[in-house]
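Visitor: Input file: protein-v9.cif. Contents: mmCIF, C-alpha atoms.
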```cif
data_structure
#
loop_
_atom_site.label_atom_id
_atom_site.label_comp_id
_atom_site.auth_asym_id
_atom_site.auth_seq_id
_atom_site.Cartn_x
_atom_site.Cartn_y
_atom_site.Cartn_z
CA MET A 1 97.37 65.46 99.43
CA ARG A 2 94.12 66.56 97.79
CA LEU A 3 93.08 70.18 97.95
CA ASN A 4 90.08 72.02 96.54
CA THR A 5 89.48 75.76 96.15
CA GLN A 6 88.29 76.26 99.74
CA GLN A 7 91.29 74.38 101.14
CA ILE A 8 93.71 76.31 98.92
CA GLU A 9 92.21 79.61 100.08
CA ALA A 10 92.61 78.54 103.72
CA LEU A 11 96.37 78.00 103.43
CA ASP A 12 98.69 80.32 105.34
CA LYS A 13 99.92 83.11 103.05
CA ARG A 14 103.64 82.23 103.09
CA TYR A 15 102.94 78.52 102.84
CA ARG A 16 100.68 79.14 99.86
CA ALA A 17 103.28 81.31 98.10
CA LEU A 18 105.95 78.58 98.30
CA PHE A 19 103.43 75.88 97.44
CA ILE A 20 101.62 77.47 94.48
CA ASN A 21 104.84 78.82 92.98
CA ALA A 22 106.08 75.24 92.62
CA LEU A 23 103.05 73.93 90.74
CA SER A 24 103.78 75.19 87.22
CA GLY A 25 106.90 72.99 87.11
CA PHE A 26 110.51 74.01 86.50
CA LYS A 27 111.10 77.63 85.56
CA SER A 28 113.75 79.66 83.81
CA ALA A 29 115.98 82.07 85.74
CA ASN A 30 116.80 85.33 84.01
CA LEU A 31 118.24 88.65 85.09
CA ILE A 32 116.33 91.56 83.59
CA ALA A 33 118.63 94.53 83.16
CA THR A 34 117.23 98.00 82.52
CA CYS A 35 118.04 101.66 82.84
CA ASP A 36 116.03 104.85 83.01
CA ASN A 37 116.47 107.74 80.57
CA SER A 38 119.39 109.01 82.67
CA LYS A 39 121.13 105.61 82.40
CA ASN A 40 120.59 104.72 86.06
CA THR A 41 120.59 100.93 85.99
CA ASN A 42 118.43 98.29 87.62
CA LEU A 43 118.69 94.51 87.77
CA ALA A 44 116.09 91.97 88.89
CA ILE A 45 115.68 88.21 88.71
CA PHE A 46 112.56 86.94 86.95
CA THR A 47 111.49 83.29 86.79
CA SER A 48 108.48 83.91 84.56
CA VAL A 49 110.10 84.48 81.14
CA PHE A 50 108.32 82.29 78.59
CA HIS A 51 108.43 81.64 74.84
CA ILE A 52 105.63 83.15 72.74
CA GLY A 53 106.85 82.66 69.18
CA SER A 54 109.96 82.31 67.03
CA SER A 55 108.93 84.41 64.02
CA PRO A 56 108.97 87.18 65.07
CA PRO A 57 111.08 86.09 68.06
CA LEU A 58 108.92 86.98 71.09
CA LEU A 59 109.25 86.35 74.81
CA GLY A 60 106.78 87.20 77.53
CA MET A 61 107.21 87.77 81.26
CA ILE A 62 105.03 88.64 84.22
CA SER A 63 105.75 91.61 86.47
CA ARG A 64 104.13 91.89 89.85
CA PRO A 65 102.37 95.25 90.26
CA HIS A 66 103.55 96.54 93.63
CA SER A 67 106.60 94.54 94.54
CA VAL A 68 110.25 93.94 93.70
CA PRO A 69 110.39 94.26 89.92
CA ARG A 70 108.51 97.56 89.81
CA HIS A 71 111.64 99.60 88.91
CA THR A 72 112.21 97.15 86.09
CA LEU A 73 108.72 97.74 84.73
CA GLU A 74 109.03 101.53 85.01
CA ASN A 75 112.35 101.52 83.16
CA ILE A 76 111.01 99.28 80.40
CA LEU A 77 108.02 101.56 79.86
CA GLN A 78 110.29 104.63 79.94
CA THR A 79 112.97 103.44 77.49
CA GLY A 80 111.25 100.67 75.52
CA HIS A 81 114.26 98.36 75.96
CA TYR A 82 115.60 95.76 78.38
CA SER A 83 117.88 92.78 78.35
CA ILE A 84 117.30 89.17 79.39
CA ASN A 85 120.38 87.39 80.74
CA HIS A 86 120.48 83.69 81.67
CA VAL A 87 121.47 82.96 85.25
CA ASN A 88 124.25 80.37 85.40
CA GLU A 89 125.56 78.32 88.27
CA SER A 90 128.36 80.72 89.18
CA ILE A 91 126.06 83.71 89.79
CA ILE A 92 123.10 82.16 91.60
CA LYS A 93 123.60 84.01 94.90
CA GLN A 94 124.06 87.39 93.24
CA ALA A 95 121.04 86.75 91.02
CA HIS A 96 118.86 85.77 93.99
CA GLN A 97 120.07 88.83 95.91
CA THR A 98 118.62 91.16 93.24
CA SER A 99 115.20 90.28 94.67
CA ALA A 100 115.96 92.22 97.87
CA ARG A 101 114.03 95.46 98.25
CA TYR A 102 116.73 97.98 97.48
CA ASP A 103 115.83 101.66 97.29
CA GLU A 104 115.29 103.03 93.83
CA GLU A 105 118.56 104.97 93.78
CA ILE A 106 120.63 101.85 94.42
CA SER A 107 121.59 99.77 91.40
CA GLU A 108 121.48 96.02 92.01
CA PHE A 109 124.56 95.80 89.78
CA GLN A 110 126.65 97.61 92.39
CA ALA A 111 124.90 95.98 95.33
CA THR A 112 125.48 92.41 94.12
CA GLY A 113 128.80 92.72 92.30
CA LEU A 114 127.45 91.81 88.87
CA SER A 115 128.92 93.88 86.03
CA GLU A 116 127.20 96.14 83.54
CA GLN A 117 128.03 95.50 79.90
CA TRP A 118 127.11 98.15 77.35
CA ASP A 119 127.06 97.16 73.69
CA ASP A 120 127.39 99.95 71.11
CA ASP A 121 124.21 99.04 69.30
CA PHE A 122 121.91 98.41 72.27
CA PRO A 123 120.50 101.07 74.65
CA ALA A 124 120.08 98.99 77.84
CA PRO A 125 122.73 97.26 79.95
CA LEU A 126 123.54 93.54 79.70
CA VAL A 127 124.99 91.33 82.45
CA GLU A 128 128.63 90.63 81.66
CA GLN A 129 128.71 87.37 83.68
CA SER A 130 125.81 85.88 81.72
CA ARG A 131 126.65 83.57 78.79
CA ILE A 132 123.35 84.03 76.98
CA GLN A 133 122.34 87.68 76.63
CA LEU A 134 119.27 88.89 74.77
CA GLY A 135 118.58 92.48 73.81
CA MET A 136 114.83 93.10 73.89
CA LYS A 137 112.49 95.71 72.46
CA LEU A 138 109.14 96.22 74.22
CA ARG A 139 106.27 95.32 71.91
CA GLU A 140 103.17 95.13 74.13
CA HIS A 141 102.22 95.24 77.76
CA HIS A 142 98.91 94.30 79.33
CA GLN A 143 97.69 94.67 82.87
CA LEU A 144 95.82 91.48 83.73
CA ALA A 145 92.56 92.50 85.35
CA ILE A 146 92.44 89.22 87.21
CA ASN A 147 95.26 90.08 89.65
CA ASN A 148 96.85 93.34 88.43
CA THR A 149 100.08 91.72 87.28
CA VAL A 150 101.54 93.07 84.05
CA MET A 151 102.42 90.88 81.09
CA ILE A 152 105.34 92.31 79.12
CA ILE A 153 105.91 91.08 75.56
CA GLY A 154 109.22 91.86 73.92
CA GLU A 155 110.97 91.08 70.65
CA ILE A 156 114.49 89.70 70.67
CA THR A 157 116.56 92.17 68.62
CA HIS A 158 120.08 91.22 69.75
CA ILE A 159 121.57 87.86 70.71
CA ASN A 160 125.01 87.32 72.28
CA ILE A 161 125.84 83.67 72.80
CA LYS A 162 128.98 81.52 72.85
CA ASP A 163 129.46 79.69 69.54
CA ASP A 164 130.37 76.41 71.24
CA VAL A 165 126.85 75.86 72.64
CA VAL A 166 125.05 76.30 69.28
CA HIS A 167 124.61 73.13 67.23
CA GLN A 168 124.43 72.81 63.43
CA ASP A 169 120.65 72.41 63.47
CA GLY A 170 120.07 75.49 65.64
CA TYR A 171 119.71 73.73 69.00
CA VAL A 172 121.26 75.79 71.78
CA ASP A 173 122.74 73.65 74.55
CA ILE A 174 121.74 75.86 77.46
CA GLU A 175 122.75 73.10 79.88
CA ARG A 176 126.34 73.30 78.57
CA ALA A 177 126.12 77.09 78.86
CA GLY A 178 125.54 76.55 82.59
CA SER A 179 121.99 77.93 82.62
CA ILE A 180 120.05 76.69 85.61
CA ALA A 181 116.40 75.90 86.36
CA THR A 182 114.41 77.12 89.36
CA SER A 183 111.48 75.81 91.36
CA SER A 184 109.10 77.54 93.75
CA LEU A 185 110.50 80.81 95.15
CA ASP A 186 113.93 79.90 96.42
CA SER A 187 115.35 76.78 94.78
CA TYR A 188 118.01 76.44 92.07
CA HIS A 189 118.77 73.29 90.09
CA ARG A 190 121.37 72.23 87.57
CA THR A 191 120.17 69.93 84.81
CA ASP A 192 121.30 66.67 83.25
CA LEU A 193 120.16 65.83 79.71
CA LEU A 194 117.93 62.75 79.49
CA SER A 195 117.25 62.76 75.74
CA HIS A 196 116.62 64.66 72.57
CA LEU A 197 113.53 63.15 70.89
CA SER A 198 112.72 63.05 67.18
CA TYR A 199 109.83 65.05 65.69
CA ALA A 200 106.61 63.24 66.70
CA LYS A 201 104.52 61.55 63.99
CA PRO A 202 101.25 59.68 64.47
CA GLU A 203 102.47 56.38 63.00
CA LYS A 204 105.33 55.63 65.40
CA MET A 205 106.73 56.54 68.81
CA PRO A 206 109.54 59.11 68.95
CA GLU A 207 113.15 57.97 68.83
CA GLN A 208 116.14 59.28 70.65
CA ILE A 209 118.40 61.55 68.63
CA THR A 210 121.82 60.19 69.45
CA GLU A 211 123.96 62.47 67.32
CA ARG A 212 123.60 66.19 67.36
CA LYS A 213 126.46 67.81 65.47
CA LYS A 214 128.18 71.00 66.45
CA MET B 1 127.80 84.44 68.00
CA ARG B 2 126.20 87.87 67.74
CA LEU B 3 122.94 88.30 65.88
CA ASN B 4 120.78 91.33 65.23
CA THR B 5 117.19 91.54 63.95
CA GLN B 6 118.15 91.22 60.28
CA GLN B 7 120.35 88.21 60.95
CA ILE B 8 117.66 86.55 63.07
CA GLU B 9 115.11 87.07 60.29
CA ALA B 10 117.50 85.52 57.76
CA LEU B 11 117.80 82.22 59.67
CA ASP B 12 116.36 79.07 58.10
CA LYS B 13 112.86 78.42 59.49
CA ARG B 14 113.60 75.09 61.22
CA TYR B 15 116.95 76.31 62.52
CA ARG B 16 115.26 79.40 63.92
CA ALA B 17 112.52 77.39 65.62
CA LEU B 18 115.05 75.20 67.51
CA PHE B 19 117.26 78.20 68.23
CA ILE B 20 114.68 80.74 69.46
CA ASN B 21 112.77 78.14 71.47
CA ALA B 22 115.91 77.62 73.59
CA LEU B 23 116.45 81.25 74.49
CA SER B 24 113.90 81.71 77.27
CA GLY B 25 115.80 79.16 79.38
CA PHE B 26 114.54 75.94 80.93
CA LYS B 27 110.83 75.26 80.62
CA SER B 28 108.22 73.21 82.39
CA ALA B 29 106.69 70.13 80.75
CA ASN B 30 103.01 69.58 81.33
CA LEU B 31 100.34 67.41 79.76
CA ILE B 32 97.13 69.35 79.21
CA ALA B 33 94.15 66.98 79.37
CA THR B 34 90.75 68.05 78.10
CA CYS B 35 87.47 66.71 76.81
CA ASP B 36 84.65 68.07 74.70
CA ASN B 37 81.04 68.19 75.88
CA SER B 38 80.62 64.55 74.77
CA LYS B 39 83.61 63.50 76.93
CA ASN B 40 85.86 62.78 73.94
CA THR B 41 89.32 63.30 75.39
CA ASN B 42 92.43 65.04 74.14
CA LEU B 43 95.96 65.23 75.52
CA ALA B 44 98.80 67.56 74.49
CA ILE B 45 102.21 68.50 75.86
CA PHE B 46 102.77 72.18 76.61
CA THR B 47 106.09 73.70 77.67
CA SER B 48 104.71 77.21 78.15
CA VAL B 49 102.83 76.91 81.44
CA PHE B 50 103.88 79.77 83.73
CA HIS B 51 103.03 81.12 87.17
CA ILE B 52 100.88 84.28 87.30
CA GLY B 53 99.92 84.51 90.97
CA SER B 54 99.35 82.50 94.11
CA SER B 55 96.27 84.28 95.51
CA PRO B 56 94.12 83.49 93.61
CA PRO B 57 96.24 80.59 92.29
CA LEU B 58 96.62 81.36 88.57
CA LEU B 59 98.64 79.76 85.78
CA GLY B 60 98.98 80.92 82.20
CA MET B 61 99.90 79.09 79.02
CA ILE B 62 100.30 79.90 75.34
CA SER B 63 98.42 78.01 72.64
CA ARG B 64 99.55 78.24 69.03
CA PRO B 65 96.64 79.26 66.79
CA HIS B 66 96.77 76.75 63.93
CA SER B 67 98.88 73.86 65.08
CA VAL B 68 98.96 70.88 67.42
CA PRO B 69 97.20 72.15 70.56
CA ARG B 70 94.18 73.46 68.69
CA HIS B 71 91.89 70.66 69.92
CA THR B 72 93.04 71.48 73.43
CA LEU B 73 92.03 75.12 73.01
CA GLU B 74 88.65 74.23 71.51
CA ASN B 75 87.88 71.85 74.36
CA ILE B 76 88.88 74.40 77.00
CA LEU B 77 86.64 77.04 75.45
CA GLN B 78 83.80 74.53 75.15
CA THR B 79 83.87 73.12 78.68
CA GLY B 80 85.71 75.78 80.70
CA HIS B 81 87.92 73.15 82.35
CA TYR B 82 91.23 71.37 81.78
CA SER B 83 93.91 69.67 83.80
CA ILE B 84 97.66 70.30 84.02
CA ASN B 85 99.74 67.20 84.73
CA HIS B 86 103.50 67.25 85.35
CA VAL B 87 105.55 65.12 82.97
CA ASN B 88 107.94 62.86 84.87
CA GLU B 89 110.91 60.86 83.70
CA SER B 90 108.99 57.63 83.14
CA ILE B 91 106.53 59.14 80.63
CA ILE B 92 108.74 61.41 78.53
CA LYS B 93 108.30 59.49 75.26
CA GLN B 94 104.54 59.23 75.59
CA ALA B 95 104.32 62.91 76.51
CA HIS B 96 106.44 63.96 73.53
CA GLN B 97 104.34 61.74 71.25
CA THR B 98 101.20 63.73 72.09
CA SER B 99 102.63 66.48 69.87
CA ALA B 100 102.08 64.34 66.74
CA ARG B 101 99.29 65.57 64.47
CA TYR B 102 96.61 63.04 65.26
CA ASP B 103 93.18 63.43 63.71
CA GLU B 104 90.58 65.02 65.93
CA GLU B 105 88.69 61.76 66.54
CA ILE B 106 91.76 60.05 67.94
CA SER B 107 92.48 60.54 71.65
CA GLU B 108 96.16 60.92 72.45
CA PHE B 109 95.44 58.93 75.63
CA GLN B 110 94.74 55.79 73.57
CA ALA B 111 97.43 56.57 71.00
CA THR B 112 100.21 56.93 73.56
CA GLY B 113 99.17 54.51 76.28
CA LEU B 114 98.67 57.12 78.97
CA SER B 115 95.63 56.53 81.19
CA GLU B 116 92.61 58.74 81.80
CA GLN B 117 91.79 59.39 85.44
CA TRP B 118 88.37 60.83 86.27
CA ASP B 119 87.86 62.34 89.70
CA ASP B 120 84.30 62.62 90.98
CA ASP B 121 84.49 66.33 91.59
CA PHE B 122 86.28 67.46 88.41
CA PRO B 123 84.78 67.53 84.89
CA ALA B 124 87.96 67.02 82.80
CA PRO B 125 90.30 64.02 82.69
CA LEU B 126 93.60 63.86 84.57
CA VAL B 127 96.67 61.82 83.63
CA GLU B 128 96.94 58.83 85.96
CA GLN B 129 100.72 58.46 85.49
CA SER B 130 101.39 62.04 86.57
CA ARG B 131 102.38 62.64 90.21
CA ILE B 132 101.32 66.29 90.30
CA GLN B 133 97.84 66.86 88.87
CA LEU B 134 96.06 70.21 88.79
CA GLY B 135 92.40 70.73 88.00
CA MET B 136 91.96 74.09 86.25
CA LYS B 137 89.05 76.41 85.60
CA LEU B 138 89.34 78.79 82.64
CA ARG B 139 89.33 82.41 83.80
CA GLU B 140 90.45 84.46 80.77
CA HIS B 141 91.79 83.99 77.28
CA HIS B 142 93.34 86.61 75.02
CA GLN B 143 94.41 86.35 71.40
CA LEU B 144 97.72 88.18 71.14
CA ALA B 145 97.50 90.46 68.10
CA ILE B 146 101.24 90.33 67.70
CA ASN B 147 101.33 86.71 66.43
CA ASN B 148 97.82 85.28 66.90
CA THR B 149 98.79 82.94 69.71
CA VAL B 150 96.24 82.59 72.50
CA MET B 151 97.07 83.16 76.15
CA ILE B 152 94.94 81.02 78.43
CA ILE B 153 94.67 81.95 82.11
CA GLY B 154 93.24 79.40 84.51
CA GLU B 155 92.66 79.09 88.22
CA ILE B 156 93.84 76.01 90.10
CA THR B 157 90.73 74.54 91.72
CA HIS B 158 91.97 71.01 92.50
CA ILE B 159 95.40 69.72 93.49
CA ASN B 160 96.41 66.06 93.71
CA ILE B 161 99.97 65.59 94.92
CA LYS B 162 101.89 62.97 96.88
CA ASP B 163 102.28 63.96 100.54
CA ASP B 164 105.93 62.93 100.65
CA VAL B 165 107.05 65.74 98.33
CA VAL B 166 105.39 68.56 100.30
CA HIS B 167 107.52 70.13 103.03
CA GLN B 168 106.34 71.74 106.28
CA ASP B 169 106.82 75.25 104.91
CA GLY B 170 104.84 74.61 101.73
CA TYR B 171 107.78 73.93 99.39
CA VAL B 172 106.92 71.21 96.89
CA ASP B 173 109.93 69.11 95.91
CA ILE B 174 109.06 68.67 92.24
CA GLU B 175 112.52 67.20 91.61
CA ARG B 176 111.74 64.37 94.03
CA ALA B 177 108.36 63.96 92.32
CA GLY B 178 110.32 63.19 89.14
CA SER B 179 109.14 66.27 87.23
CA ILE B 180 111.51 67.13 84.40
CA ALA B 181 112.62 70.31 82.64
CA THR B 182 112.71 70.88 78.88
CA SER B 183 114.76 73.01 76.54
CA SER B 184 114.15 74.10 72.96
CA LEU B 185 111.65 71.87 71.12
CA ASP B 186 112.90 68.36 71.72
CA SER B 187 115.10 68.06 74.81
CA TYR B 188 114.30 66.66 78.25
CA HIS B 189 116.42 67.11 81.37
CA ARG B 190 116.35 65.78 84.91
CA THR B 191 117.41 68.18 87.61
CA ASP B 192 119.79 68.16 90.54
CA LEU B 193 119.21 70.62 93.40
CA LEU B 194 122.02 73.15 93.89
CA SER B 195 120.55 75.14 96.76
CA HIS B 196 117.59 76.66 98.51
CA LEU B 197 118.39 80.30 99.28
CA SER B 198 117.05 82.43 102.13
CA TYR B 199 114.73 85.39 101.53
CA ALA B 200 116.84 88.21 100.09
CA LYS B 201 117.40 91.35 102.19
CA PRO B 202 119.40 94.43 101.19
CA GLU B 203 121.83 94.30 104.11
CA LYS B 204 123.39 90.87 103.47
CA MET B 205 123.84 88.22 100.80
CA PRO B 206 121.46 85.23 100.85
CA GLU B 207 122.37 82.10 102.75
CA GLN B 208 121.82 78.50 101.90
CA ILE B 209 118.87 76.87 103.65
CA THR B 210 120.35 73.60 104.78
CA GLU B 211 117.39 72.10 106.58
CA ARG B 212 113.98 71.90 105.05
CA LYS B 213 111.69 69.77 107.15
CA LYS B 214 109.08 67.43 105.82
#
```
What does this structure look like when you write it as structure tokens?

Guide:
Amino acid sequence: MRLNTQQIEALDKRYRALFINALSGFKSANLIATCDNSKNTNLAIFTSVFHIGSSPPLLGMISRPHSVPRHTLENILQTGHYSINHVNESIIKQAHQTSARYDEEISEFQATGLSEQWDDDFPAPLVEQSRIQLGMKLREHHQLAINNTVMIIGEITHINIKDDVVHQDGYVDIERAGSIATSSLDSYHRTDLLSHLSYAKPEKMPEQITERKK
Amino acid sequence: MRLNTQQIEALDKRYRALFINALSGFKSANLIATCDNSKNTNLAIFTSVFHIGSSPPLLGMISRPHSVPRHTLENILQTGHYSINHVNESIIKQAHQTSARYDEEISEFQATGLSEQWDDDFPAPLVEQSRIQLGMKLREHHQLAINNTVMIIGEITHINIKDDVVHQDGYVDIERAGSIATSSLDSYHRTDLLSHLSYAKPEKMPEQITERKK
């Protein structure tokens, strides 16, 4: 299949959404948990969380302007905090269900059966069933003129993670933690490690790292 | 393991890089192919390509300011075009090797053994060994004040993809195309489909889509 701009524009709207959403490659799956100033909670799946930098530790994500994650965006702007929680294999259906268009007064926690976790030192809820939980502080947000989506940039201020998936060198085995990958709009995949590769240098091809100590 | 901002800041630099880079979840792996105005080519792996919108079809990616992908950024700004090519299982080592710090006059195509493909109607090279190739036109770029990385936003203007991975409804089976997922800085994973889930509605939990016709 070869498509150019005119042919892409001519695609049926639903077909194009499934099709184009697959083209960036595999995506993360995270539950974004928020609350408003009255502690009414909200939960929404995002597949657009991406790494921006490790020092300071920054993650970005894209919020659509007039669709499902709008309550999430409003809460983040109101409180300045949110949490990012990895979706694992045992909560895929509940996570996917958070994308339904619930009314604002309904919390997706109650609607899907996922549990709120409140840590003493963090002002937004976390998802108890998630094995990798990140407490985030809003740092910047930008409305992209090109299509009115909003890019949210946050700093990781709290990390809750099981010790047994963190290796001596800092590598976090998210596969062992059960985190899953997504593709397009509706598909969930488990992963299977192919290789860790050594730091690339011009003079020789990378080698497989066979031992990674815990 | 529980870490707060002070404890994250205190981590050893290399440890922190491996650690923080894992926290966004699984990532895409794409080879960004570019050339300068004299058609000198460059090739670099990026794991930060993310979906921004399907109409117009937009993808974003993050370029570090003073490190490996700098030649990529310069070429994109010079020519206004680049290509995004999915990494598949058979080219993982070559793809990883493009992250070595080669001198500017060396093309990572020659250095790694990957092949340039030039389509008549697109001004930047594609990667012949890639099964999903996207021709991109630069639309916006923003330097993020927060850490000086550069966000590049491009529009998909050309798509080359094998017919046998595109389903009737528009879903692209990138797993079948051999595309892989990455985690942290050095790890490559194949995927295994768990489920396609139906469009989420408030009144009932999502169901598994068992038939997806090609």

Visitor: Run the PyMOL selection byres ((chain B) within 6 of (chain A)) on the file and write out the hits as a PyMOL selection string.

Guide: chain B and resi 1-5+15+17-20+22+24-28+50-51+54+97+100+102+157-163+169-172+181+186-197+200-202

Visitor: Write out, as a CSV table (one decimal), keeping the file's coordinate frame, the residues just selected, with C-alpha atoms.

Guide:
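Result file is selection-v8.csv:
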```csv
chain,number,residue,atom,x,y,z
B,1,MET,CA,127.8,84.4,68.0
B,2,ARG,CA,126.2,87.9,67.7
B,3,LEU,CA,122.9,88.3,65.9
B,4,ASN,CA,120.8,91.3,65.2
B,5,THR,CA,117.2,91.5,64.0
B,15,TYR,CA,117.0,76.3,62.5
B,17,ALA,CA,112.5,77.4,65.6
B,18,LEU,CA,115.0,75.2,67.5
B,19,PHE,CA,117.3,78.2,68.2
B,20,ILE,CA,114.7,80.7,69.5
B,22,ALA,CA,115.9,77.6,73.6
B,24,SER,CA,113.9,81.7,77.3
B,25,GLY,CA,115.8,79.2,79.4
B,26,PHE,CA,114.5,75.9,80.9
B,27,LYS,CA,110.8,75.3,80.6
B,28,SER,CA,108.2,73.2,82.4
B,50,PHE,CA,103.9,79.8,83.7
B,51,HIS,CA,103.0,81.1,87.2
B,54,SER,CA,99.4,82.5,94.1
B,97,GLN,CA,104.3,61.7,71.2
B,100,ALA,CA,102.1,64.3,66.7
B,102,TYR,CA,96.6,63.0,65.3
B,157,THR,CA,90.7,74.5,91.7
B,158,HIS,CA,92.0,71.0,92.5
B,159,ILE,CA,95.4,69.7,93.5
B,160,ASN,CA,96.4,66.1,93.7
B,161,ILE,CA,100.0,65.6,94.9
B,162,LYS,CA,101.9,63.0,96.9
B,163,ASP,CA,102.3,64.0,100.5
B,169,ASP,CA,106.8,75.2,104.9
B,170,GLY,CA,104.8,74.6,101.7
B,171,TYR,CA,107.8,73.9,99.4
B,172,VAL,CA,106.9,71.2,96.9
B,181,ALA,CA,112.6,70.3,82.6
B,186,ASP,CA,112.9,68.4,71.7
B,187,SER,CA,115.1,68.1,74.8
B,188,TYR,CA,114.3,66.7,78.2
B,189,HIS,CA,116.4,67.1,81.4
B,190,ARG,CA,116.4,65.8,84.9
B,191,THR,CA,117.4,68.2,87.6
B,192,ASP,CA,119.8,68.2,90.5
B,193,LEU,CA,119.2,70.6,93.4
B,194,LEU,CA,122.0,73.2,93.9
B,195,SER,CA,120.6,75.1,96.8
B,196,HIS,CA,117.6,76.7,98.5
B,197,LEU,CA,118.4,80.3,99.3
B,200,ALA,CA,116.8,88.2,100.1
B,201,LYS,CA,117.4,91.4,102.2
B,202,PRO,CA,119.4,94.4,101.2
```

Visitor: Quick one, how far is CA of Gln78 (chain B) from CA of Phe46 (chain B)?

Guide: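 So the answer is 19.2 Å.
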
Visitor: Return as a ChimeraX atom specification the set of residues that the PyMOL selection byres ((chain A and resi 122) around 10) yields on the displayed structure.

Guide: /A:81-83,118-121,123-126,135-137,157-158

Visitor: Quick check, in Å to one decimal: how far apart do CA of Leu138 (chain A) and CA of Ser115 (chain A) lie?

Guide: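 Taking CA of Leu138 (chain A) and CA of Ser115 (chain A), their separation equals 23.2 Å.
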
Visitor: Please report the interatomic distance between CA of Gln110 (chain A) and CA of Thr210 (chain B) in Å with one decimal.

Guide: 27.7 Å

Visitor: From the list A:Gln143, A:Ile91, A:Gly80, A:Leu31, which residue is nearest Pro65 (chain A) when using only C-alpha atoms?

Guide: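 Once distances to Pro65 (chain A) are computed over only C-alpha atoms, the minimum belongs to A:Gln143.
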
Visitor: Please write as a PDB file with C-alpha atoms, keeping the file's coordinate frame the full residue list that the PyMOL selection byres ((chain A and resi 72) around 10) yields on this file.

Guide:
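The result, stored in part-v1.pdb:
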```
ATOM      1  CA  ILE A  32     116.330  91.560  83.590  1.00  0.00           C
ATOM      2  CA  ALA A  33     118.630  94.530  83.160  1.00  0.00           C
ATOM      3  CA  THR A  34     117.230  98.000  82.520  1.00  0.00           C
ATOM      4  CA  CYS A  35     118.040 101.660  82.840  1.00  0.00           C
ATOM      5  CA  ASP A  36     116.030 104.850  83.010  1.00  0.00           C
ATOM      6  CA  THR A  41     120.590 100.930  85.990  1.00  0.00           C
ATOM      7  CA  ASN A  42     118.430  98.290  87.620  1.00  0.00           C
ATOM      8  CA  LEU A  43     118.690  94.510  87.770  1.00  0.00           C
ATOM      9  CA  ALA A  44     116.090  91.970  88.890  1.00  0.00           C
ATOM     10  CA  ILE A  45     115.680  88.210  88.710  1.00  0.00           C
ATOM     11  CA  SER A  63     105.750  91.610  86.470  1.00  0.00           C
ATOM     12  CA  VAL A  68     110.250  93.940  93.700  1.00  0.00           C
ATOM     13  CA  PRO A  69     110.390  94.260  89.920  1.00  0.00           C
ATOM     14  CA  ARG A  70     108.510  97.560  89.810  1.00  0.00           C
ATOM     15  CA  HIS A  71     111.640  99.600  88.910  1.00  0.00           C
ATOM     16  CA  LEU A  73     108.720  97.740  84.730  1.00  0.00           C
ATOM     17  CA  GLU A  74     109.030 101.530  85.010  1.00  0.00           C
ATOM     18  CA  ASN A  75     112.350 101.520  83.160  1.00  0.00           C
ATOM     19  CA  ILE A  76     111.010  99.280  80.400  1.00  0.00           C
ATOM     20  CA  LEU A  77     108.020 101.560  79.860  1.00  0.00           C
ATOM     21  CA  GLN A  78     110.290 104.630  79.940  1.00  0.00           C
ATOM     22  CA  TYR A  82     115.600  95.760  78.380  1.00  0.00           C
TER      23      TYR A  82
END
```

Visitor: Given 5 Å of margin on each side, can you work out the centre and size in Å (one decimal) of an axis-aligned box holding every listed atom of region 113-121 of chain B, as JSON?

Guide:
```
{"center_x": 91.7, "center_y": 60.4, "center_z": 83.9, "size_x": 24.9, "size_y": 21.8, "size_z": 25.3}
```

Visitor: Quick one: of B:Thr79, B:Arg212, B:Asn40, B:His142, who's nearest to Ile106 (chain B), counting all atoms listed in the file?

Guide: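 The shortest atom-to-atom distance to Ile106 (chain B) comes from B:Asn40.
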